[in-house]
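Shown next, in structure tokens, is the structure this report addresses.
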Amino acid sequence: MPATDLVESSLLFSRWRDPRSGVESFLLDRRIAPLQQSFYYTNPSFSADGRYLWLYCAFPPSGSGNQGRQLAVVDFEEQTLRHFPDTQFLDASPAVDPENGHIYWCIGSRLWRRGPGTASTDAPQPINRLPAELVRNRRPWRVATHLTFSADRRAFAFDAEIGRQWFVGHLPLDGSPPVLWQEFDRCYNHAQFSPTDRDLILVNQDSWIDPVTGECPNYENRMWLLRRGERARPIFPDAAAAGAAKHGHEWWAASGLHVCYIHYGRGAMRIDPFDPAAQPETLWASDTVSHAHTGLTEDYVVADCIPGPSVAPGRVIFHNRRTGKTVEIVSDMPYVSESLRGYHVHPHPQFALGDRYICYTTLVRGQVDLALVPVKQLIDHTS
């Protein structure tokens with residue numbers, strides 16, 4: 001394991017202090033692309049040993065939040081930032097193998113992998129692909145919203161959207177045939193394997209764009225559990241009573257015992273999805289929270305609050321549930337320019353590297369930057 005000041009002592013990062021809270025973040029200074037962005041919050045971006053930190057990058061006006069972005073990796077041992085143009089990916093699909101720092105991503109109908117270095121052994125390799133009888137010569141809008149490992153680390157969940165069809169199942173990492181768990185006739189995506197049960201996937205209704213008419217139907221009941229060999233069932237059977245049309249941006253608790261989510265206008269919540277009588281519990285109350293994440297325990301919450309351009313600037317906030325106190329990591333986040341909104345540039349804060357850091361995207365320097373902030377500092381501010 002690297003020294004505890006892994007990021008703090010790196011020559012690749014510079015310090016930025018929030019003028020209101022005094023919280024100090026570390027922004028990646030080394031640049032290989034105009035846009036350098038943290039991973040979507042459900043996908044860890046560090047290798048377990050802390051050597052490699054992966055990030056999204058883009059070269060506007062090329063690409064978008066759905067396709068055309070590429071990957072780069074910080075190597076803390078060599079103090080370098082390497083860019084890999086061969087890693088163009090769909091949606092927010094990239095996933096890091098924590099054991100070796102290798103990266104997986106989806107493009108076309110295929111799943112690919114490469115190593116974090118430049119040796120021939122690190123070159124891209126095809127790992128699996130959606131079956132031809134499912135694709136039927138069509139161009140997938142996505143293979144996976146964000147790849148997540150099964151609990152036994154032998155497969156990734158997929159939630160493919162092709163035309164007006166949606167398919168959820170798993171892609172084995174040994175190259176054996178993909179397994180379809182269920183086909184849907186409306187949009188289900190954001191599939192995430194349970195961290196503790198290899199036969200369970202959290203999958204969610206979502207709005208979507210009809211590829212023929214351009215219409216955008218909305219969802220009615222957001223969160224569902226799909227067990228292998230069974231049909232998907234809603235976590236909240238009475239969608240209207242639960243306000244399930246206002247649920248979103250969900251994630252598994254690390255324990256696998258709770259599904260956490262945002263109830264828009266109310267706050268970050270959690271629910272025991274296995275107890276039919278369970279009631280939602282508030283992790284952090286906020287009427288403007290957009291995305292949130294918890295670490296290895298659910299004692300701490302990090303969130304971004306994006307009220308909207310006509311209301312107020314955004315914030316990134318840390319909440320200590322043990323003390324009930326909060327601190328702003330960023331108190332006045334500028335809005336992304338109109339030309340960059342297609343890249344889905346939100347802070348998307350996540351706990352990283354065994355809860356040692358919060359990783360997020362920031363705009364405080366007038367550009368899209370990756371930032372890290374030590375969790376210990378945030379705990380000290382809220383004790």
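Starting from 1 in every chain, residues are counted up; chains themselves are A, B, ... following the order of the structure tokens, and ligands are numbered from 1 as listed.
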
Between range 3-78 of chain A and range 141-159 of chain A, at 10 Å or less, what are the per-residue closest atom pairs and their distances in Å? Count only C-alpha atoms, order by chain and rising residue number, and return it as CSV.
residue,atom,partner,partner_atom,distance
A:Phe39,CA,A:His146,CA,9.9
A:Tyr40,CA,A:His146,CA,8.0
A:Tyr41,CA,A:His146,CA,9.8
A:Thr42,CA,A:His146,CA,7.7
A:Asn43,CA,A:His146,CA,7.2
A:Pro44,CA,A:Thr148,CA,9.6
A:Asn66,CA,A:Trp141,CA,8.1
A:Gln67,CA,A:Trp141,CA,9.0

Could the residues in this selection be saved with C-alpha atoms as a PDB file, in the first residue's frame?
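Output (again-v4.pdb):
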ATOM      1  CA  PHE A  39     -15.849   8.027 -13.015  1.00  0.00           C
ATOM      2  CA  TYR A  40     -19.577   7.692 -12.493  1.00  0.00           C
ATOM      3  CA  TYR A  41     -20.038   7.294  -8.745  1.00  0.00           C
ATOM      4  CA  THR A  42     -21.127   3.620  -8.784  1.00  0.00           C
ATOM      5  CA  ASN A  43     -17.810   2.499 -10.305  1.00  0.00           C
ATOM      6  CA  PRO A  44     -14.582   2.545  -8.260  1.00  0.00           C
ATOM      7  CA  ASN A  66     -23.044   8.286 -24.496  1.00  0.00           C
ATOM      8  CA  GLN A  67     -20.097   7.614 -26.788  1.00  0.00           C
TER       9      GLN A  67
END

Go through range 194-249 of chain A residue by residue and, counting only C-alpha atoms, keep those with an atom at most 9 Å from range 177-185 of chain A; for each kept residue give the shortest atom pair and its distance in Å to one decimal, ordered by chain and increasing number, as CSV.
residue,atom,partner,partner_atom,distance
A:Leu226,CA,A:Trp181,CA,8.0
A:Arg227,CA,A:Trp181,CA,8.1
A:Arg228,CA,A:Trp181,CA,6.0
A:Gly229,CA,A:Trp181,CA,6.7
A:Glu230,CA,A:Trp181,CA,7.9
A:Arg231,CA,A:Gln182,CA,7.0
A:Ala232,CA,A:Gln182,CA,7.9

Notebook entry, point to check: Got a sec to tell me which of range 84-231 of chain A DSSP assigns to alpha helix (DSSP H), as a list in words?
Noted result: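 Selection result, alpha helix (DSSP H) within range 84-231 of chain A: Ala132, Glu133, Leu134 and Val135 of chain A.
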
Please provide the set of residues having any atom within 12 Å of Asn204 in chain A, restricted to only C-alpha atoms, with same-chain residues fewer than 6 positions apart removed, written as an mmCIF file with C-alpha atoms, in the first residue's frame.
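Done, and the output landed in out_28.cif:
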data_model
loop_
_atom_site.group_PDB
_atom_site.id
_atom_site.type_symbol
_atom_site.label_atom_id
_atom_site.label_comp_id
_atom_site.auth_asym_id
_atom_site.auth_seq_id
_atom_site.Cartn_x
_atom_site.Cartn_y
_atom_site.Cartn_z
ATOM 1 C CA THR A 145 -24.792 1.541 -18.323
ATOM 2 C CA ASP A 159 -28.377 -3.916 -19.538
ATOM 3 C CA TRP A 166 -33.902 -3.938 -23.437
ATOM 4 C CA VAL A 168 -30.519 -7.681 -18.760
ATOM 5 C CA PHE A 184 -38.093 -5.908 -21.267
ATOM 6 C CA ARG A 186 -39.561 -0.579 -21.784
ATOM 7 C CA CYS A 187 -36.338 0.974 -20.567
ATOM 8 C CA TYR A 188 -34.596 -0.802 -17.687
ATOM 9 C CA ASN A 189 -30.965 0.158 -17.139
ATOM 10 C CA HIS A 190 -28.424 1.144 -14.439
ATOM 11 C CA ALA A 191 -28.100 -2.597 -13.704
ATOM 12 C CA GLN A 192 -25.803 -3.320 -10.754
ATOM 13 C CA TYR A 219 -40.596 5.934 -15.654
ATOM 14 C CA GLU A 220 -43.251 5.103 -13.050
ATOM 15 C CA ASN A 221 -41.608 2.713 -10.576
ATOM 16 C CA ARG A 222 -37.850 3.110 -10.455
ATOM 17 C CA MET A 223 -36.129 0.288 -8.552
ATOM 18 C CA TRP A 224 -36.456 -3.463 -9.185
ATOM 19 C CA LEU A 225 -34.638 -6.623 -8.076
ATOM 20 C CA LEU A 226 -33.918 -9.275 -10.673
ATOM 21 C CA ALA A 232 -37.961 -8.781 -11.875
ATOM 22 C CA ARG A 233 -39.983 -7.485 -8.918
ATOM 23 C CA PRO A 234 -40.319 -3.875 -7.714
ATOM 24 C CA ILE A 235 -38.740 -2.883 -4.422
ATOM 25 C CA PHE A 236 -41.802 -0.682 -3.852
ATOM 26 C CA ALA A 244 -41.329 5.873 -6.793
ATOM 27 C CA ALA A 245 -41.534 8.171 -9.811
ATOM 28 C CA HIS A 247 -36.653 7.884 -7.008
ATOM 29 C CA GLY A 248 -33.341 7.699 -8.846
ATOM 30 C CA HIS A 249 -29.542 7.542 -8.814
ATOM 31 C CA GLU A 250 -29.429 4.372 -6.715
ATOM 32 C CA TRP A 251 -26.543 2.224 -5.502
ATOM 33 C CA VAL A 259 -30.285 -0.287 -1.618
ATOM 34 C CA TYR A 261 -31.152 6.015 -3.595
#

In Å and to one decimal, CA of Val302 in chain A is distant from CA of Gly22 in chain A by 16.8 Å

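Within 8 Å of range 133-139 of chain A, once only C-alpha atoms are used and residues closer than 2 positions along the same chain are dropped, the contacting residues are Gly108, Ser109, Leu130, Pro131, Trp141, Ile162 and Gly163 of chain A.
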
Please dump the current selection as a PDB file, in the first residue's frame; keep C-alpha atoms.
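Below is the file out-v4.pdb, written as the result:
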ATOM      1  CA  GLY A 108     -20.249  -1.580 -30.232  1.00  0.00           C
ATOM      2  CA  SER A 109     -21.537  -4.925 -28.988  1.00  0.00           C
ATOM      3  CA  LEU A 130     -23.565  -9.679 -27.054  1.00  0.00           C
ATOM      4  CA  PRO A 131     -24.828 -12.656 -29.108  1.00  0.00           C
ATOM      5  CA  TRP A 141     -27.262   2.266 -27.789  1.00  0.00           C
ATOM      6  CA  ILE A 162     -30.988  -2.051 -28.885  1.00  0.00           C
ATOM      7  CA  GLY A 163     -33.733  -0.319 -30.833  1.00  0.00           C
TER       8      GLY A 163
END

List every residue of range 165-205 of chain A that DSSP, applied to the backbone of this structure, places in strand (DSSP E), and write the result as an mmCIF file with N, CA and C atoms, in the first residue's frame.
data_model
loop_
_atom_site.group_PDB
_atom_site.id
_atom_site.type_symbol
_atom_site.label_atom_id
_atom_site.label_comp_id
_atom_site.auth_asym_id
_atom_site.auth_seq_id
_atom_site.Cartn_x
_atom_site.Cartn_y
_atom_site.Cartn_z
ATOM 1 N N GLN A 165 -35.784 -2.460 -27.632
ATOM 2 C CA GLN A 165 -35.704 -3.634 -26.767
ATOM 3 C C GLN A 165 -34.627 -3.418 -25.710
ATOM 4 N N TRP A 166 -34.849 -4.026 -24.543
ATOM 5 C CA TRP A 166 -33.902 -3.938 -23.437
ATOM 6 C C TRP A 166 -33.658 -5.337 -22.884
ATOM 7 N N PHE A 167 -32.386 -5.644 -22.629
ATOM 8 C CA PHE A 167 -31.978 -6.982 -22.215
ATOM 9 C C PHE A 167 -31.072 -6.874 -20.996
ATOM 10 N N VAL A 168 -31.344 -7.677 -19.965
ATOM 11 C CA VAL A 168 -30.519 -7.681 -18.760
ATOM 12 C C VAL A 168 -30.010 -9.092 -18.519
ATOM 13 N N GLY A 169 -28.744 -9.206 -18.189
ATOM 14 C CA GLY A 169 -28.144 -10.510 -17.934
ATOM 15 C C GLY A 169 -26.698 -10.344 -17.514
ATOM 16 N N HIS A 170 -25.868 -11.362 -17.796
ATOM 17 C CA HIS A 170 -24.457 -11.238 -17.427
ATOM 18 C C HIS A 170 -23.540 -11.707 -18.548
ATOM 19 N N LEU A 171 -22.353 -11.084 -18.590
ATOM 20 C CA LEU A 171 -21.295 -11.394 -19.551
ATOM 21 C C LEU A 171 -20.160 -12.080 -18.804
ATOM 22 N N PRO A 172 -19.951 -13.389 -19.005
ATOM 23 C CA PRO A 172 -18.849 -14.072 -18.323
ATOM 24 C C PRO A 172 -17.494 -13.541 -18.774
ATOM 25 N N VAL A 179 -25.420 -14.702 -20.726
ATOM 26 C CA VAL A 179 -26.647 -15.303 -20.225
ATOM 27 C C VAL A 179 -27.696 -14.205 -20.069
ATOM 28 N N LEU A 180 -28.811 -14.354 -20.777
ATOM 29 C CA LEU A 180 -29.907 -13.394 -20.682
ATOM 30 C C LEU A 180 -30.807 -13.767 -19.514
ATOM 31 N N TRP A 181 -31.045 -12.823 -18.608
ATOM 32 C CA TRP A 181 -31.906 -13.070 -17.455
ATOM 33 C C TRP A 181 -33.341 -12.657 -17.738
ATOM 34 N N GLN A 182 -33.525 -11.506 -18.424
ATOM 35 C CA GLN A 182 -34.883 -11.067 -18.753
ATOM 36 C C GLN A 182 -34.821 -10.036 -19.872
ATOM 37 N N GLU A 183 -35.811 -10.087 -20.754
ATOM 38 C CA GLU A 183 -36.005 -9.067 -21.785
ATOM 39 C C GLU A 183 -37.179 -8.185 -21.378
ATOM 40 N N PHE A 184 -37.057 -6.870 -21.641
ATOM 41 C CA PHE A 184 -38.093 -5.908 -21.267
ATOM 42 C C PHE A 184 -38.582 -5.160 -22.500
ATOM 43 N N TYR A 188 -35.184 -0.423 -18.969
ATOM 44 C CA TYR A 188 -34.596 -0.802 -17.687
ATOM 45 C C TYR A 188 -33.083 -0.735 -17.863
ATOM 46 N N ASN A 189 -32.410 0.031 -17.017
ATOM 47 C CA ASN A 189 -30.965 0.158 -17.139
ATOM 48 C C ASN A 189 -30.350 0.385 -15.754
ATOM 49 N N HIS A 190 -29.158 0.960 -15.703
ATOM 50 C CA HIS A 190 -28.424 1.144 -14.439
ATOM 51 C C HIS A 190 -28.341 -0.176 -13.660
ATOM 52 N N ALA A 191 -28.198 -1.295 -14.362
ATOM 53 C CA ALA A 191 -28.100 -2.597 -13.704
ATOM 54 C C ALA A 191 -26.823 -2.672 -12.872
ATOM 55 N N GLN A 192 -26.950 -3.180 -11.647
ATOM 56 C CA GLN A 192 -25.803 -3.320 -10.754
ATOM 57 C C GLN A 192 -25.892 -4.648 -10.018
ATOM 58 N N PHE A 193 -24.871 -5.477 -10.188
ATOM 59 C CA PHE A 193 -24.806 -6.722 -9.434
ATOM 60 C C PHE A 193 -24.767 -6.426 -7.940
ATOM 61 N N LEU A 200 -28.078 -11.917 -8.077
ATOM 62 C CA LEU A 200 -29.022 -10.830 -7.860
ATOM 63 C C LEU A 200 -28.512 -9.544 -8.504
ATOM 64 N N ILE A 201 -29.393 -8.882 -9.258
ATOM 65 C CA ILE A 201 -29.082 -7.617 -9.922
ATOM 66 C C ILE A 201 -30.141 -6.588 -9.545
ATOM 67 N N LEU A 202 -29.697 -5.398 -9.186
ATOM 68 C CA LEU A 202 -30.578 -4.240 -9.058
ATOM 69 C C LEU A 202 -30.688 -3.611 -10.438
ATOM 70 N N VAL A 203 -31.916 -3.429 -10.926
ATOM 71 C CA VAL A 203 -32.129 -2.831 -12.246
ATOM 72 C C VAL A 203 -33.264 -1.820 -12.117
ATOM 73 N N ASN A 204 -33.245 -0.802 -12.961
ATOM 74 C CA ASN A 204 -34.127 0.334 -12.711
ATOM 75 C C ASN A 204 -34.826 0.825 -13.970
ATOM 76 N N GLN A 205 -36.109 1.109 -13.815
ATOM 77 C CA GLN A 205 -36.810 1.795 -14.894
ATOM 78 C C GLN A 205 -36.173 3.164 -15.111
#

Which residues are near range 273-286 of chain A? Cut-off 10 Å, only C-alpha atoms, ignore same chain within fewer than 6 positions. Put them as a PDB file with C-alpha atoms, in the first residue's frame.
ATOM      1  CA  LEU A 202     -30.578  -4.240  -9.058  1.00  0.00           C
ATOM      2  CA  MET A 223     -36.129   0.288  -8.552  1.00  0.00           C
ATOM      3  CA  TRP A 224     -36.456  -3.463  -9.185  1.00  0.00           C
ATOM      4  CA  LEU A 225     -34.638  -6.623  -8.076  1.00  0.00           C
ATOM      5  CA  PRO A 234     -40.319  -3.875  -7.714  1.00  0.00           C
ATOM      6  CA  ILE A 235     -38.740  -2.883  -4.422  1.00  0.00           C
ATOM      7  CA  PHE A 236     -41.802  -0.682  -3.852  1.00  0.00           C
ATOM      8  CA  PRO A 237     -44.890  -2.585  -5.121  1.00  0.00           C
ATOM      9  CA  ALA A 242     -43.855   5.367  -2.208  1.00  0.00           C
ATOM     10  CA  GLY A 256     -25.415  -5.764   0.208  1.00  0.00           C
ATOM     11  CA  LEU A 257     -28.075  -5.303   2.904  1.00  0.00           C
ATOM     12  CA  HIS A 258     -29.508  -2.021   1.637  1.00  0.00           C
ATOM     13  CA  VAL A 259     -30.285  -0.287  -1.618  1.00  0.00           C
ATOM     14  CA  CYS A 260     -29.558   3.420  -1.325  1.00  0.00           C
ATOM     15  CA  TYR A 261     -31.152   6.015  -3.595  1.00  0.00           C
ATOM     16  CA  ILE A 262     -32.214   9.611  -4.046  1.00  0.00           C
ATOM     17  CA  HIS A 263     -35.801  10.657  -3.371  1.00  0.00           C
ATOM     18  CA  TYR A 264     -35.770  13.934  -5.271  1.00  0.00           C
ATOM     19  CA  GLY A 265     -36.911  16.831  -3.142  1.00  0.00           C
ATOM     20  CA  ARG A 266     -36.444  14.800   0.050  1.00  0.00           C
ATOM     21  CA  GLY A 267     -32.874  13.486   0.301  1.00  0.00           C
ATOM     22  CA  ALA A 292     -24.967  10.580  -3.429  1.00  0.00           C
ATOM     23  CA  THR A 294     -21.820   5.885   0.900  1.00  0.00           C
ATOM     24  CA  GLU A 298     -23.252   3.941   5.827  1.00  0.00           C
ATOM     25  CA  ASP A 299     -21.991   6.294   8.530  1.00  0.00           C
ATOM     26  CA  TYR A 300     -20.846   8.883   5.986  1.00  0.00           C
ATOM     27  CA  VAL A 301     -22.558  10.291   2.909  1.00  0.00           C
ATOM     28  CA  VAL A 302     -21.150  12.419   0.102  1.00  0.00           C
ATOM     29  CA  ALA A 303     -23.483  14.156  -2.312  1.00  0.00           C
ATOM     30  CA  CYS A 305     -26.622  19.249  -4.948  1.00  0.00           C
ATOM     31  CA  PHE A 318     -20.050  15.563   3.099  1.00  0.00           C
ATOM     32  CA  HIS A 319     -22.465  14.447   5.818  1.00  0.00           C
ATOM     33  CA  ASN A 320     -21.336  12.704   8.995  1.00  0.00           C
ATOM     34  CA  ARG A 321     -24.271  10.610  10.245  1.00  0.00           C
ATOM     35  CA  GLY A 324     -25.290  14.910  12.280  1.00  0.00           C
ATOM     36  CA  THR A 326     -22.112  18.481   7.295  1.00  0.00           C
TER      37      THR A 326
END

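Across A:Phe76, A:Arg110, A:Ser383, A:Ser93, the tightest approach to Pro140 in chain A is made by A:Arg110 when counting only C-alpha atoms.
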
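Neighbouring residues of range 363-367 of chain A at 10 Å or closer, counting only C-alpha atoms and skipping chain neighbours under 5 positions away, are A:Trp16, A:Asp18, A:Leu27, A:Pro34, A:Leu35, A:Gln36, A:Val330, A:Asp332, A:Met333, A:Pro334, A:Tyr335, A:Val336, A:Ser337, A:Leu340, A:Val345, A:His346, A:Pro347.
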
Residues from last step as file, N, CA and C atoms, as a short mmCIF file (atom, residue, chain, number, x, y, z; two decimals), in the first residue's frame:
data_model
loop_
_atom_site.label_atom_id
_atom_site.label_comp_id
_atom_site.auth_asym_id
_atom_site.auth_seq_id
_atom_site.Cartn_x
_atom_site.Cartn_y
_atom_site.Cartn_z
N TRP A 16 -6.44 23.01 -3.79
CA TRP A 16 -7.47 24.04 -3.94
C TRP A 16 -8.30 24.05 -2.67
N ASP A 18 -11.61 25.44 -0.56
CA ASP A 18 -12.90 26.09 -0.68
C ASP A 18 -12.91 27.34 0.19
N LEU A 27 -6.49 18.78 -7.01
CA LEU A 27 -6.95 18.76 -8.39
C LEU A 27 -5.84 18.27 -9.30
N PRO A 34 -8.64 18.19 -22.93
CA PRO A 34 -9.32 19.38 -22.42
C PRO A 34 -10.33 19.07 -21.33
N LEU A 35 -10.92 17.87 -21.37
CA LEU A 35 -11.92 17.46 -20.38
C LEU A 35 -11.41 16.22 -19.66
N GLN A 36 -11.21 16.32 -18.34
CA GLN A 36 -10.75 15.20 -17.52
C GLN A 36 -11.72 15.05 -16.37
N VAL A 330 -17.23 21.67 -1.88
CA VAL A 330 -17.29 22.80 -2.80
C VAL A 330 -18.58 23.56 -2.48
N ASP A 332 -19.55 26.53 -3.98
CA ASP A 332 -20.07 27.33 -5.10
C ASP A 332 -19.51 26.75 -6.39
N MET A 333 -20.12 25.66 -6.86
CA MET A 333 -19.66 24.99 -8.07
C MET A 333 -20.24 25.69 -9.29
N PRO A 334 -19.41 26.24 -10.17
CA PRO A 334 -19.93 26.86 -11.38
C PRO A 334 -20.67 25.83 -12.25
N TYR A 335 -21.53 26.34 -13.11
CA TYR A 335 -22.22 25.45 -14.05
C TYR A 335 -21.35 25.19 -15.26
N VAL A 336 -21.46 23.99 -15.79
CA VAL A 336 -20.73 23.65 -16.99
C VAL A 336 -21.26 24.48 -18.15
N SER A 337 -20.38 24.85 -19.07
CA SER A 337 -20.80 25.64 -20.21
C SER A 337 -21.74 24.84 -21.11
N LEU A 340 -20.41 21.97 -23.19
CA LEU A 340 -19.92 20.76 -22.54
C LEU A 340 -21.02 19.95 -21.86
N VAL A 345 -21.42 16.25 -17.35
CA VAL A 345 -20.42 16.74 -16.39
C VAL A 345 -21.12 17.14 -15.10
N HIS A 346 -21.28 16.19 -14.19
CA HIS A 346 -21.75 16.43 -12.84
C HIS A 346 -20.63 16.03 -11.88
N PRO A 347 -20.64 16.52 -10.65
CA PRO A 347 -19.58 16.14 -9.70
C PRO A 347 -19.49 14.64 -9.44
#

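Nearest residue to Val96 in chain A, choosing from A:Val368, A:Ala58, A:Leu296, A:Leu353 and counting only C-alpha atoms: A:Leu353.
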